[in-house]
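Below is one structure, written out as structure tokens; the observations come after it.
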Amino acid sequence: MGKLLRPNREVGIVGYGAYVPMYRIKAEEIGRVWGISSFPIQEKSVPGLDEDTITIGIEAARNALKRAKIDPKLIRAIWLGTESKPYAVKPSGTVIAEAIGATPDLDAADFEFACKAGTEALQAAIGFVGSGMADYAMAIGADTSQGRPGDHLEFTASAGGAAYIIGPKSSDTLAYFEASYSYVTDTPDFWRRQHEHYPRHGNRFTGEPAYFHQIINAAKTLMEELDYSPNDFDYAVFHQPNVKFPLTAAKILGIPKEKVLPGLLSGIIGNTYSGATLVGVSAVLDIAKPGDRILWVSFGSGAGSDAFSLVVQDAIEEKRDLAPKTMDYVNRKKYIDYALYAKARRKYIV
Amino acid sequence: MGKPMQVARHWRHFREKYALVGGKCENGHLMFPKREVCPVCGSRNVEEYQFSGRGKVVSWTIVRNPPSGLEYYRPYPLALVQLEEGPVVLAQLTDVDPEEIDFGMEVEMVTRKVREFDEDGIILYSYKFRPVLKPQKE
């Protein structure tokens, strides 16, 4: 039990909520502009002109509150993980806290760890509630990620997010955390320097030493220390920068594809970065049964992974219908062409 | 140096703008925005009131020549929305094509970005309305 992270008191999820913008651009449309014809995904979400990480976080937070059925004033922390903060300096969490009526008796902060920032906020929330410092904390992962026009990241960098309200394990939690584990190394596979518009990445370096090394080690350690095998899990959600990586990770770990597909949305919404596994797990919670066990492993460049073992509880049946389902957002879509996409991503100087 | 932005003027209205918080007087009259004096009965005893955000489009127009600061968003729909509790609100519609808008269309409030004060200024968020989100089938 040496490596696992476990708080003093057991904690779970009292409410969760997702949000994905309605606009989509097909991979062929991006490929048409840049002369590329093989794609990592089918299509990705694009934030509307009036959307950013804060507005995505607000709608996800409101959905989580509807399922939690608690007074927002009881939430004592709102932590947002993102790599696309609307302000370089000024917390995003304060705007979300004000919008959902949680101010002023709470802590708020923005977390950054490339795509892992959302689960990093979640780890902190588990500790905050698990230590008894507070009864409720909200962790959000949301992004409107940027890819350099013409770069292969442009095919996948998308927008979306999800929020989780953590509370002490009880009959009101719809799932509880058995344990978690974090694995971090200094691996420069992807980065964005101060004042730069676009990130850079190490091309092939992003696979083996970065994504797979962290994900596999995090997942294996969590399973070994809990004395579980892949058969003990009913679902697995891995960070999803494309479709191939998470399916390959599952194969290496010996987890069948069928357990991964329900939470694998990157093929149709893209990589929502800090939101990716949080949105994937929300789609699984929308269909999971009490007693199901979910393996949840994020990845953030730089690099590291957070792994969680989550067990679904009875309250899921009553709570899942209290807010829109993740697939309600995923299947609500309007296709736009590259010109409107460029406008939405503010590429025009007017 | 950025241009003056009157930050305080906007900050005062954050609760109203982010979450559609209006007012209710001691005699039960609802108003949006909240006022010091009830416009119906003159009562000065007005408390905050959280509107549900549900409403219907009463009328609308498409703004093609917007005020300065909103040029990048054009064209955008501007509508009178009657909240289910009664008051009528002037607000932008979002996530909707102009041809989809109709009298009586059911809408719900979302909090969105309404403007940015240049590259270095504050970002303002406020209520807008979109067609009510419906459960989707694949």
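Ordering of the structure tokens sets the chain letters (A, B, ...), residue numbers begin anew at 1 in every chain, and ligands are numbered from 1 in the order given.
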Return as JSON lines the residues of chain A lying at most 6 Å from chain B, together with the closest atom-to-atom pair for each and the distance in Å to one decimal, counting only C-alpha atoms, with rows in chain order and ascending residue number.
```
{"residue": "A:Asp50", "atom": "CA", "partner": "B:Lys113", "partner_atom": "CA", "distance": 4.7}
{"residue": "A:Glu51", "atom": "CA", "partner": "B:Arg112", "partner_atom": "CA", "distance": 6.0}
{"residue": "A:Thr55", "atom": "CA", "partner": "B:Arg112", "partner_atom": "CA", "distance": 5.6}
{"residue": "A:Ala99", "atom": "CA", "partner": "B:Tyr18", "partner_atom": "CA", "distance": 5.0}
{"residue": "A:Asp328", "atom": "CA", "partner": "B:Gln136", "partner_atom": "CA", "distance": 4.8}
```
Sel. of strand (DSSP E) residues, stretch 27-120 of chain B, as number ranges by chain: B: 30-31, 46-50, 54-63, 76-83, 88-92, 106-116
Would you mind exporting the chosen residues as a CSV table (one decimal), in the first residue's frame, restricted to C-alpha atoms?
```csv
chain,number,residue,atom,x,y,z
B,30,LEU,CA,-40.6,40.4,-9.8
B,31,MET,CA,-38.2,42.6,-11.7
B,46,VAL,CA,-36.7,44.6,-2.6
B,47,GLU,CA,-34.7,41.4,-2.2
B,48,GLU,CA,-32.5,39.5,-4.6
B,49,TYR,CA,-34.4,36.9,-6.7
B,50,GLN,CA,-32.8,34.1,-8.7
B,54,ARG,CA,-36.2,29.7,-18.9
B,55,GLY,CA,-38.2,31.9,-21.2
B,56,LYS,CA,-39.6,32.5,-24.7
B,57,VAL,CA,-38.6,34.8,-27.5
B,58,VAL,CA,-41.1,37.7,-27.8
B,59,SER,CA,-39.3,39.4,-30.7
B,60,TRP,CA,-35.8,39.6,-32.2
B,61,THR,CA,-33.6,41.3,-34.8
B,62,ILE,CA,-30.3,40.5,-36.4
B,63,VAL,CA,-27.6,43.0,-35.6
B,76,TYR,CA,-25.7,38.3,-34.0
B,77,PRO,CA,-29.3,38.0,-32.9
B,78,LEU,CA,-30.7,40.3,-30.2
B,79,ALA,CA,-34.0,39.4,-28.7
B,80,LEU,CA,-36.7,40.3,-26.2
B,81,VAL,CA,-37.1,37.2,-24.0
B,82,GLN,CA,-40.0,36.9,-21.6
B,83,LEU,CA,-38.8,34.9,-18.6
B,88,VAL,CA,-38.9,40.7,-20.2
B,89,VAL,CA,-35.1,40.8,-20.8
B,90,LEU,CA,-33.2,42.2,-23.8
B,91,ALA,CA,-30.4,39.8,-24.5
B,92,GLN,CA,-28.4,38.2,-27.3
B,106,GLU,CA,-38.3,28.3,-25.9
B,107,VAL,CA,-34.9,29.4,-24.7
B,108,GLU,CA,-32.6,29.0,-21.6
B,109,MET,CA,-30.0,31.2,-20.1
B,110,VAL,CA,-26.3,30.5,-20.5
B,111,THR,CA,-23.4,32.6,-19.4
B,112,ARG,CA,-21.2,33.7,-22.2
B,113,LYS,CA,-18.5,36.2,-23.2
B,114,VAL,CA,-20.1,39.5,-24.4
B,115,ARG,CA,-17.1,41.6,-25.0
B,116,GLU,CA,-13.4,42.0,-24.5
```
Expected answer as JSON, numbers by chain: helix (DSSP H, G or I) residues in chain B: {"B": [7, 8, 9, 10, 11, 14, 15, 16, 17, 18, 19, 71, 72, 73, 98, 99, 100]}
Resulting file, chosen residues, C-alpha atoms, as an mmCIF file, in the first residue's frame:
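Once everything was written out, this is result29.cif:
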```
data_model
loop_
_atom_site.group_PDB
_atom_site.id
_atom_site.type_symbol
_atom_site.label_atom_id
_atom_site.label_comp_id
_atom_site.auth_asym_id
_atom_site.auth_seq_id
_atom_site.Cartn_x
_atom_site.Cartn_y
_atom_site.Cartn_z
ATOM 1 C CA VAL B 7 -14.119 48.320 -14.462
ATOM 2 C CA ALA B 8 -16.196 49.259 -11.407
ATOM 3 C CA ARG B 9 -19.261 50.014 -13.531
ATOM 4 C CA HIS B 10 -19.298 46.438 -14.819
ATOM 5 C CA TRP B 11 -18.180 44.802 -11.568
ATOM 6 C CA PHE B 14 -21.641 40.751 -12.029
ATOM 7 C CA ARG B 15 -24.306 38.875 -9.994
ATOM 8 C CA GLU B 16 -27.066 40.119 -12.262
ATOM 9 C CA LYS B 17 -25.101 39.473 -15.467
ATOM 10 C CA TYR B 18 -23.568 36.072 -14.674
ATOM 11 C CA ALA B 19 -26.555 34.364 -13.130
ATOM 12 C CA GLU B 71 -17.750 44.046 -34.488
ATOM 13 C CA TYR B 72 -16.105 40.629 -34.479
ATOM 14 C CA TYR B 73 -19.335 38.961 -33.283
ATOM 15 C CA PRO B 98 -30.985 33.402 -37.638
ATOM 16 C CA GLU B 99 -33.416 31.282 -39.690
ATOM 17 C CA GLU B 100 -34.089 28.976 -36.728
#
```
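Pairwise distance (atom CA of A:Ala139, atom CA of A:Gly300) equals 16.3 Å.
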Which of A:Gly202, A:Gly167, A:Gly31, A:Gly101 sits closest to A:Glu43 [using only C-alpha atoms]: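 Of all the options, A:Gly31 lies closest to A:Glu43.
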Long-range neighbours of A:Phe245 as JSON, numbers by chain, 12 Å cut-off, only C-alpha atoms, 6 positions minimum in chain: {"A": [40, 41, 206, 207, 208, 210, 211, 212, 213, 215, 216, 237, 238, 239, 251, 252, 260, 264, 266, 267, 271, 299]}
Of the listed residues A:Asp186, A:Asn203, A:Pro72, A:His152, that which approaches A:Ser37 most closely, counting only C-alpha atoms: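 Closest to A:Ser37 of all the choices is A:His152.
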Long-range neighbours of A:Leu310 as a list of chain:residue names, 10 Å cut-off, only C-alpha atoms, 3 positions minimum in chain: A:Gly12, A:Ile13, A:Ala175, A:Tyr176, A:Phe177, A:Glu178, A:Ala179, A:Ser180, A:Phe233, A:Tyr235, A:Val281, A:Gly291, A:Asp292, A:Arg293, A:Ile294, A:Leu295, A:Trp296, A:Ala307, A:Gln313
Write the residues you've just listed into a file as a short mmCIF file (atom, residue, chain, number, x, y, z; two decimals), in the first residue's frame, and include N, CA and C atoms for each of them.
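Final output, part35.cif:
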```cif
data_model
loop_
_atom_site.label_atom_id
_atom_site.label_comp_id
_atom_site.auth_asym_id
_atom_site.auth_seq_id
_atom_site.Cartn_x
_atom_site.Cartn_y
_atom_site.Cartn_z
N GLY A 12 -16.15 10.70 -2.33
CA GLY A 12 -16.77 10.29 -3.58
C GLY A 12 -17.26 11.50 -4.36
N ILE A 13 -17.99 11.21 -5.42
CA ILE A 13 -18.52 12.26 -6.30
C ILE A 13 -19.99 12.47 -5.95
N ALA A 175 -20.50 7.81 -6.82
CA ALA A 175 -19.35 6.93 -7.01
C ALA A 175 -18.31 7.35 -5.98
N TYR A 176 -17.47 6.40 -5.54
CA TYR A 176 -16.44 6.77 -4.58
C TYR A 176 -15.07 6.33 -5.06
N PHE A 177 -14.05 7.01 -4.56
CA PHE A 177 -12.67 6.72 -4.95
C PHE A 177 -12.09 5.67 -4.00
N GLU A 178 -11.61 4.57 -4.58
CA GLU A 178 -10.96 3.55 -3.76
C GLU A 178 -9.55 3.98 -3.40
N ALA A 179 -8.88 4.56 -4.39
CA ALA A 179 -7.51 5.04 -4.19
C ALA A 179 -7.09 5.78 -5.45
N SER A 180 -6.00 6.52 -5.35
CA SER A 180 -5.45 7.16 -6.54
C SER A 180 -3.93 7.09 -6.48
N PHE A 233 -12.01 -4.33 -13.60
CA PHE A 233 -12.57 -3.05 -14.05
C PHE A 233 -13.60 -3.25 -15.15
N TYR A 235 -14.90 -0.50 -16.81
CA TYR A 235 -14.62 0.55 -17.80
C TYR A 235 -13.21 1.09 -17.57
N VAL A 281 -15.04 10.21 -18.50
CA VAL A 281 -15.63 9.55 -17.32
C VAL A 281 -17.10 9.97 -17.14
N GLY A 291 -21.98 -0.49 -8.63
CA GLY A 291 -21.05 -1.61 -8.48
C GLY A 291 -19.97 -1.65 -9.54
N ASP A 292 -20.19 -0.96 -10.66
CA ASP A 292 -19.17 -0.94 -11.72
C ASP A 292 -17.91 -0.24 -11.22
N ARG A 293 -16.76 -0.77 -11.66
CA ARG A 293 -15.49 -0.15 -11.26
C ARG A 293 -14.83 0.47 -12.49
N ILE A 294 -14.39 1.73 -12.35
CA ILE A 294 -13.83 2.48 -13.48
C ILE A 294 -12.36 2.77 -13.22
N LEU A 295 -11.52 2.43 -14.20
CA LEU A 295 -10.11 2.82 -14.16
C LEU A 295 -9.97 4.13 -14.93
N TRP A 296 -9.41 5.13 -14.29
CA TRP A 296 -9.38 6.48 -14.85
C TRP A 296 -7.93 6.95 -14.83
N ALA A 307 -3.91 8.45 -11.76
CA ALA A 307 -4.76 7.26 -11.94
C ALA A 307 -5.71 7.13 -10.76
N GLN A 313 -21.90 3.96 -7.31
CA GLN A 313 -22.83 3.65 -6.21
C GLN A 313 -24.29 3.81 -6.65
#
```
Between atom CA of A:Val14 and atom CA of A:Ile166 - distance in Å to one decimal: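 Atom CA of A:Val14 lies 5.9 Å from atom CA of A:Ile166.
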